[in-house]
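Asker: See run_35.pdb below, with PDB, C-alpha atoms, pLDDT in the B column.
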```
MODEL        1
ATOM      1  CA  MET A 478       0.000   0.000   0.000  1.00 86.00           C
ATOM      2  CA  LYS A 479       1.236   3.460  -0.902  1.00 89.00           C
ATOM      3  CA  PHE A 480       0.826   6.310   1.590  1.00 90.00           C
ATOM      4  CA  VAL A 481       0.371  10.040   1.027  1.00 91.00           C
ATOM      5  CA  PHE A 482       0.398  12.174   4.181  1.00 91.00           C
ATOM      6  CA  THR A 483      -0.925  15.722   4.479  1.00 90.00           C
ATOM      7  CA  GLU A 484      -0.790  17.998   7.509  1.00 90.00           C
ATOM      8  CA  LYS A 485      -3.007  20.966   8.322  1.00 89.00           C
ATOM      9  CA  LYS A 486      -2.087  23.328  11.140  1.00 82.00           C
ATOM     10  CA  MET A 487       0.279  20.779  12.704  1.00 85.00           C
ATOM     11  CA  SER A 488       3.347  18.675  12.057  1.00 85.00           C
ATOM     12  CA  PRO A 489       2.929  15.043  13.133  1.00 85.00           C
ATOM     13  CA  SER A 490       5.786  13.124  14.701  1.00 87.00           C
ATOM     14  CA  ASP A 491       7.535  10.294  12.909  1.00 89.00           C
ATOM     15  CA  ASP A 492       6.018   7.923  15.490  1.00 92.00           C
ATOM     16  CA  LEU A 493       2.501   9.043  14.524  1.00 90.00           C
ATOM     17  CA  ARG A 494       3.205   8.527  10.821  1.00 90.00           C
ATOM     18  CA  ALA A 495       4.675   5.081  11.515  1.00 92.00           C
ATOM     19  CA  TYR A 496       1.647   4.205  13.674  1.00 92.00           C
ATOM     20  CA  ALA A 497      -0.755   5.333  10.930  1.00 91.00           C
ATOM     21  CA  GLU A 498       1.171   3.356   8.281  1.00 90.00           C
ATOM     22  CA  LYS A 499       1.084   0.249  10.463  1.00 92.00           C
ATOM     23  CA  LYS A 500      -2.649   0.497  11.236  1.00 91.00           C
ATOM     24  CA  VAL A 501      -3.851   1.574   7.769  1.00 89.00           C
ATOM     25  CA  GLY A 502      -1.452  -0.911   6.159  1.00 87.00           C
ATOM     26  CA  LYS A 503      -3.440  -3.728   7.765  1.00 87.00           C
ATOM     27  CA  LEU A 504      -6.355  -2.764   5.498  1.00 86.00           C
ATOM     28  CA  ASP A 505      -4.313  -3.982   2.529  1.00 82.00           C
ATOM     29  CA  ARG A 506      -5.342  -7.575   3.310  1.00 83.00           C
ATOM     30  CA  LEU A 507      -8.965  -6.619   2.476  1.00 82.00           C
ATOM     31  CA  PHE A 508      -8.081  -5.556  -1.063  1.00 79.00           C
ATOM     32  CA  ARG A 509      -6.838  -7.194  -4.225  1.00 75.00           C
ATOM     33  CA  GLY A 510      -4.136  -5.315  -6.075  1.00 78.00           C
ATOM     34  CA  GLU A 511      -2.308  -2.109  -5.201  1.00 84.00           C
ATOM     35  CA  SER A 512      -3.982   0.464  -2.948  1.00 87.00           C
ATOM     36  CA  THR A 513      -3.189   4.072  -2.099  1.00 90.00           C
ATOM     37  CA  ALA A 514      -4.012   5.657   1.261  1.00 91.00           C
ATOM     38  CA  TYR A 515      -4.327   9.435   1.583  1.00 92.00           C
ATOM     39  CA  ILE A 516      -4.119  10.421   5.250  1.00 93.00           C
ATOM     40  CA  THR A 517      -4.630  13.986   6.469  1.00 92.00           C
ATOM     41  CA  PHE A 518      -3.812  15.040  10.031  1.00 93.00           C
ATOM     42  CA  SER A 519      -5.273  18.290  11.367  1.00 92.00           C
ATOM     43  CA  VAL A 520      -6.135  20.049  14.617  1.00 91.00           C
ATOM     44  CA  GLU A 521      -9.215  22.244  15.009  1.00 89.00           C
ATOM     45  CA  ARG A 522     -10.531  23.600  18.298  1.00 86.00           C
ATOM     46  CA  ASN A 523      -8.445  21.164  20.358  1.00 85.00           C
ATOM     47  CA  ARG A 524      -9.805  18.207  18.365  1.00 90.00           C
ATOM     48  CA  ASN A 525      -7.402  15.858  16.581  1.00 91.00           C
ATOM     49  CA  ILE A 526      -8.814  15.008  13.171  1.00 92.00           C
ATOM     50  CA  VAL A 527      -7.754  12.200  10.856  1.00 92.00           C
ATOM     51  CA  GLU A 528      -9.174  12.067   7.335  1.00 93.00           C
ATOM     52  CA  ALA A 529      -8.387   8.850   5.512  1.00 92.00           C
ATOM     53  CA  THR A 530      -9.180   8.003   1.901  1.00 91.00           C
ATOM     54  CA  VAL A 531      -8.228   4.614   0.497  1.00 90.00           C
ATOM     55  CA  ASN A 532      -8.264   4.111  -3.277  1.00 88.00           C
ATOM     56  CA  ASN A 533      -8.322   0.519  -4.435  1.00 83.00           C
ATOM     57  CA  ASN A 534      -8.794  -0.124  -8.135  1.00 79.00           C
ATOM     58  CA  GLY A 535     -11.056   2.891  -8.578  1.00 78.00           C
ATOM     59  CA  MET A 536     -13.147   2.294  -5.439  1.00 82.00           C
ATOM     60  CA  PHE A 537     -12.776   5.007  -2.822  1.00 87.00           C
ATOM     61  CA  TYR A 538     -13.382   4.586   0.897  1.00 89.00           C
ATOM     62  CA  ARG A 539     -13.375   7.872   2.791  1.00 91.00           C
ATOM     63  CA  VAL A 540     -13.722   8.591   6.520  1.00 92.00           C
ATOM     64  CA  LYS A 541     -13.144  11.497   8.901  1.00 92.00           C
ATOM     65  CA  GLU A 542     -12.652  10.868  12.618  1.00 92.00           C
ATOM     66  CA  SER A 543     -12.198  13.406  15.410  1.00 92.00           C
ATOM     67  CA  THR A 544     -11.149  12.719  19.024  1.00 91.00           C
ATOM     68  CA  ASN A 545      -8.965  14.205  21.741  1.00 92.00           C
ATOM     69  CA  ASP A 546      -6.020  11.938  20.845  1.00 91.00           C
ATOM     70  CA  MET A 547      -4.538  11.595  17.337  1.00 91.00           C
ATOM     71  CA  TYR A 548      -3.696   7.904  17.847  1.00 92.00           C
ATOM     72  CA  VAL A 549      -7.305   7.162  18.843  1.00 93.00           C
ATOM     73  CA  SER A 550      -8.478   9.063  15.744  1.00 92.00           C
ATOM     74  CA  VAL A 551      -6.278   6.837  13.561  1.00 92.00           C
ATOM     75  CA  ASP A 552      -7.734   3.706  15.208  1.00 93.00           C
ATOM     76  CA  ALA A 553     -11.298   4.979  14.719  1.00 93.00           C
ATOM     77  CA  ALA A 554     -10.623   5.803  11.047  1.00 92.00           C
ATOM     78  CA  VAL A 555      -9.251   2.307  10.384  1.00 92.00           C
ATOM     79  CA  ALA A 556     -12.265   0.727  12.093  1.00 92.00           C
ATOM     80  CA  SER A 557     -14.668   2.869  10.030  1.00 91.00           C
ATOM     81  CA  ILE A 558     -12.984   2.026   6.728  1.00 90.00           C
ATOM     82  CA  THR A 559     -12.997  -1.669   7.637  1.00 89.00           C
ATOM     83  CA  ARG A 560     -16.765  -1.460   8.233  1.00 89.00           C
ATOM     84  CA  GLN A 561     -17.248   0.353   4.907  1.00 87.00           C
ATOM     85  CA  VAL A 562     -15.280  -2.278   2.982  1.00 85.00           C
ATOM     86  CA  ARG A 563     -17.192  -5.182   4.534  1.00 84.00           C
ATOM     87  CA  LYS A 564     -20.534  -3.416   4.045  1.00 84.00           C
ATOM     88  CA  ASN A 565     -19.661  -2.715   0.397  1.00 81.00           C
ATOM     89  CA  LYS A 566     -18.707  -6.332  -0.274  1.00 77.00           C
ATOM     90  CA  THR A 567     -21.899  -7.598   1.359  1.00 78.00           C
ATOM     91  CA  ARG A 568     -24.105  -5.160  -0.585  1.00 75.00           C
ATOM     92  CA  LEU A 569     -22.418  -5.989  -3.867  1.00 69.00           C
ATOM     93  CA  GLU A 570     -22.861  -9.731  -3.304  1.00 70.00           C
ATOM     94  CA  LYS A 571     -26.558  -9.294  -2.423  1.00 69.00           C
ATOM     95  CA  ARG A 572     -27.316  -7.017  -5.389  1.00 64.00           C
ATOM     96  CA  ILE A 573     -25.536  -9.225  -7.883  1.00 62.00           C
ATOM     97  CA  HIS A 574     -27.430 -12.283  -6.672  1.00 57.00           C
ATOM     98  CA  GLU A 575     -30.832 -10.601  -6.361  1.00 55.00           C
ATOM     99  CA  GLY A 576     -30.598  -8.571  -9.614  1.00 48.00           C
ATOM    100  CA  ALA A 577     -31.804  -5.424  -7.879  1.00 42.00           C
ATOM    101  CA  LEU A 578     -32.246  -1.979  -9.359  1.00 39.00           C
ATOM    102  CA  GLU A 579     -33.812  -3.050 -12.653  1.00 42.00           C
ATOM    103  CA  LYS A 580     -36.148  -0.042 -12.887  1.00 39.00           C
ATOM    104  CA  GLU A 581     -36.647   2.709 -15.417  1.00 37.00           C
ATOM    105  CA  PHE A 582     -35.341   6.104 -14.295  1.00 38.00           C
ATOM    106  CA  ALA A 583     -35.925   9.719 -15.353  1.00 41.00           C
ATOM    107  CA  PRO A 584     -33.827  12.869 -14.673  1.00 47.00           C
ATOM    108  CA  PRO A 585     -35.169  15.519 -12.219  1.00 53.00           C
ATOM    109  CA  ALA A 586     -37.062  18.540 -13.611  1.00 53.00           C
ATOM    110  CA  ARG A 587     -35.400  22.000 -13.507  1.00 53.00           C
ATOM    111  CA  SER A 588     -37.116  25.193 -12.452  1.00 52.00           C
ATOM    112  CA  ASP A 589     -37.012  28.511 -14.366  1.00 51.00           C
ATOM    113  CA  GLU A 590     -35.227  30.224 -11.440  1.00 53.00           C
ATOM    114  CA  GLU A 591     -32.241  27.877 -11.781  1.00 49.00           C
ATOM    115  CA  GLU A 592     -31.836  28.724 -15.471  1.00 48.00           C
ATOM    116  CA  GLU A 593     -31.833  32.509 -14.878  1.00 52.00           C
ATOM    117  CA  LYS A 594     -28.799  32.442 -12.512  1.00 57.00           C
ATOM    118  CA  ASP A 595     -25.291  33.241 -13.760  1.00 66.00           C
ATOM    119  CA  PHE A 596     -23.113  30.170 -14.061  1.00 72.00           C
ATOM    120  CA  LYS A 597     -19.632  30.314 -12.580  1.00 82.00           C
ATOM    121  CA  VAL A 598     -17.234  27.356 -12.523  1.00 83.00           C
ATOM    122  CA  VAL A 599     -15.326  27.506  -9.230  1.00 85.00           C
ATOM    123  CA  ARG A 600     -13.643  24.095  -9.297  1.00 85.00           C
ATOM    124  CA  THR A 601     -12.553  21.640 -11.964  1.00 85.00           C
ATOM    125  CA  LYS A 602     -11.659  17.994 -11.336  1.00 80.00           C
ATOM    126  CA  ARG A 603     -10.098  15.578 -13.798  1.00 82.00           C
ATOM    127  CA  PHE A 604     -10.103  11.824 -13.357  1.00 77.00           C
ATOM    128  CA  SER A 605     -10.105   8.651 -15.383  1.00 78.00           C
ATOM    129  CA  ILE A 606     -13.480   6.980 -15.826  1.00 83.00           C
ATOM    130  CA  LYS A 607     -13.554   3.285 -14.983  1.00 80.00           C
ATOM    131  CA  PRO A 608     -15.906   0.811 -16.685  1.00 87.00           C
ATOM    132  CA  MET A 609     -18.300  -0.686 -14.099  1.00 88.00           C
ATOM    133  CA  SER A 610     -21.857  -1.893 -13.645  1.00 89.00           C
ATOM    134  CA  VAL A 611     -24.684   0.359 -12.465  1.00 89.00           C
ATOM    135  CA  ASP A 612     -24.720  -1.424  -9.087  1.00 88.00           C
ATOM    136  CA  GLU A 613     -21.001  -0.784  -8.579  1.00 88.00           C
ATOM    137  CA  ALA A 614     -21.456   2.889  -9.507  1.00 88.00           C
ATOM    138  CA  ILE A 615     -24.275   3.314  -6.972  1.00 89.00           C
ATOM    139  CA  LEU A 616     -22.168   1.659  -4.269  1.00 88.00           C
ATOM    140  CA  GLN A 617     -19.242   3.939  -5.114  1.00 86.00           C
ATOM    141  CA  MET A 618     -21.486   7.026  -5.034  1.00 86.00           C
ATOM    142  CA  ASN A 619     -22.847   6.025  -1.613  1.00 85.00           C
ATOM    143  CA  LEU A 620     -19.375   5.325  -0.221  1.00 83.00           C
ATOM    144  CA  LEU A 621     -18.203   8.778  -1.312  1.00 82.00           C
ATOM    145  CA  GLU A 622     -21.440  10.311   0.016  1.00 81.00           C
ATOM    146  CA  HIS A 623     -22.015  12.143  -3.277  1.00 85.00           C
ATOM    147  CA  GLU A 624     -25.293  12.955  -4.999  1.00 88.00           C
ATOM    148  CA  PHE A 625     -24.143  11.631  -8.401  1.00 89.00           C
ATOM    149  CA  PHE A 626     -21.403   9.487  -9.941  1.00 89.00           C
ATOM    150  CA  VAL A 627     -19.995   9.417 -13.501  1.00 90.00           C
ATOM    151  CA  PHE A 628     -18.821   6.117 -15.027  1.00 90.00           C
ATOM    152  CA  LYS A 629     -18.605   4.004 -18.192  1.00 89.00           C
ATOM    153  CA  ASN A 630     -21.459   1.520 -18.145  1.00 89.00           C
ATOM    154  CA  GLU A 631     -20.039  -1.918 -18.920  1.00 87.00           C
ATOM    155  CA  ASP A 632     -23.616  -3.233 -19.318  1.00 84.00           C
ATOM    156  CA  SER A 633     -24.215  -0.767 -22.224  1.00 83.00           C
ATOM    157  CA  SER A 634     -21.011  -1.286 -24.222  1.00 81.00           C
ATOM    158  CA  GLY A 635     -19.063   1.399 -22.352  1.00 80.00           C
ATOM    159  CA  ALA A 636     -21.674   4.169 -22.676  1.00 84.00           C
ATOM    160  CA  PHE A 637     -20.911   7.334 -20.712  1.00 88.00           C
ATOM    161  CA  SER A 638     -23.381   7.236 -17.791  1.00 91.00           C
ATOM    162  CA  VAL A 639     -24.343   9.091 -14.610  1.00 91.00           C
ATOM    163  CA  VAL A 640     -26.177   7.663 -11.608  1.00 93.00           C
ATOM    164  CA  TYR A 641     -27.772  10.068  -9.164  1.00 93.00           C
ATOM    165  CA  LYS A 642     -29.784   9.996  -5.962  1.00 89.00           C
ATOM    166  CA  ARG A 643     -33.384  11.170  -6.328  1.00 87.00           C
ATOM    167  CA  ARG A 644     -35.330  13.092  -3.691  1.00 83.00           C
ATOM    168  CA  ALA A 645     -37.637  10.096  -3.226  1.00 85.00           C
ATOM    169  CA  GLY A 646     -34.609   8.064  -2.065  1.00 83.00           C
ATOM    170  CA  ASP A 647     -34.252   5.859  -5.137  1.00 90.00           C
ATOM    171  CA  TYR A 648     -31.695   6.260  -7.920  1.00 92.00           C
ATOM    172  CA  GLY A 649     -31.654   7.637 -11.452  1.00 92.00           C
ATOM    173  CA  LEU A 650     -29.503   6.701 -14.448  1.00 91.00           C
ATOM    174  CA  ILE A 651     -28.531   8.953 -17.365  1.00 91.00           C
ATOM    175  CA  GLU A 652     -26.849   7.286 -20.356  1.00 89.00           C
ATOM    176  CA  SER A 653     -25.372   8.600 -23.562  1.00 86.00           C
ATOM    177  CA  THR A 654     -26.894   7.123 -26.701  1.00 80.00           C
ATOM    178  CA  ASP A 655     -23.625   6.793 -28.615  1.00 69.00           C
ATOM    179  CA  ALA A 656     -20.818   4.857 -26.877  1.00 45.00           C
ATOM    180  CA  GLU A 657     -17.322   5.726 -28.025  1.00 48.00           C
TER     181      GLU A 657
ENDMDL
END
```
Once more with this new file: its structure as structure tokens, please.
Answerer:
Amino acid sequence: MKFVFTEKKMSPSDDLRAYAEKKVGKLDRLFRGESTAYITFSVERNRNIVEATVNNNGMFYRVKESTNDMYVSVDAAVASITRQVRKNKTRLEKRIHEGALEKEFAPPARSDEEEEKDFKVVRTKRFSIKPMSVDEAILQMNLLEHEFFVFKNEDSSGAFSVVYKRRAGDYGLIESTDAE
């Protein structure tokens, strides 16, 4: 497992980094292939915060833990990511076997007020898009706690697709008609 450390408003000791590498490194047994762990240490209002993001083959597991002790925060983050990984594997197994989410979806309607506002791009992200099934994309979106997720739909010959969470609690799917 590769590690990338970031510090905000503090400089962690070498012992803390070694402790984090040892604890987060144990997560590597849950994954196949090479993983990368992004660990951020910060202190806000006398709270020690650890943000950990583990990327394994395009699947991201993200957690933020805050306690009075940085070592306890690291332990809590590892425990949370372990729960996420196991929950993800269980969900994926159930959905693949049950064939869930075979519904027809429609995009949400837009109001006239939204179209009258000025549009300003304040952030741009670039990333590679991984081919995956709709179920995997929904799991990934939920793990990242996002409202939508962009992917190449392997069930539709690599069509550019977006899954999103609807207000009713179910999910929507937008697909391009021409796969390239």
Asker: When you draw a straight line from atom CA of A:Val562 to atom CA of A:Met618, how long is it in Å?
Answerer: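 Value for the atom CA of A:Val562-atom CA of A:Met618 distance: 13.8 Å.
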Asker: Apply the PyMOL selection byres ((chain A and resi 487-494) around 9) to the file shown and report the selected residues as JSON, numbers by chain.
Answerer: {"A": [482, 484, 485, 486, 495, 496, 497, 498, 499, 518, 519, 520, 547, 548]}
Asker: Which polymer residues have any atom within 9 Å of an atom of A:Ile526, counting all atoms listed in the file, with same-chain residues fewer than 5 positions away left out, as a PyMOL selection string?
Answerer: chain A and resi 517-521+541-547+550-551
Asker: For the file shown, report as a list of chain:residue names the outcome of the PyMOL selection byres ((chain A and resi 629) around 7) at residue level.
Answerer: A:Ile606, A:Lys607, A:Pro608, A:Met609, A:Phe628, A:Asn630, A:Glu631, A:Gly635, A:Ala636, A:Phe637, A:Ser638
Asker: Restricting the output to C-alpha atoms, write the selected residues as a CSV table (one decimal), in the coordinates of the input.
Answerer:
```
chain,number,residue,atom,x,y,z
A,606,ILE,CA,-13.5,7.0,-15.8
A,607,LYS,CA,-13.6,3.3,-15.0
A,608,PRO,CA,-15.9,0.8,-16.7
A,609,MET,CA,-18.3,-0.7,-14.1
A,628,PHE,CA,-18.8,6.1,-15.0
A,630,ASN,CA,-21.5,1.5,-18.1
A,631,GLU,CA,-20.0,-1.9,-18.9
A,635,GLY,CA,-19.1,1.4,-22.4
A,636,ALA,CA,-21.7,4.2,-22.7
A,637,PHE,CA,-20.9,7.3,-20.7
A,638,SER,CA,-23.4,7.2,-17.8
```
Asker: Can you work out the spacing between atom CA of A:Arg600 and atom CA of A:Ala645 in Å, to one decimal?
Answerer: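 Computing it gives 28.4 Å between the two atoms.
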Asker: Given the choices A:Val549, A:Lys500, A:Gln617, A:Ser633, which gets closest to A:Lys564 if the distance is worked out from all atoms listed in the file?
Answerer: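 The answer is A:Gln617, which sits nearest to A:Lys564.
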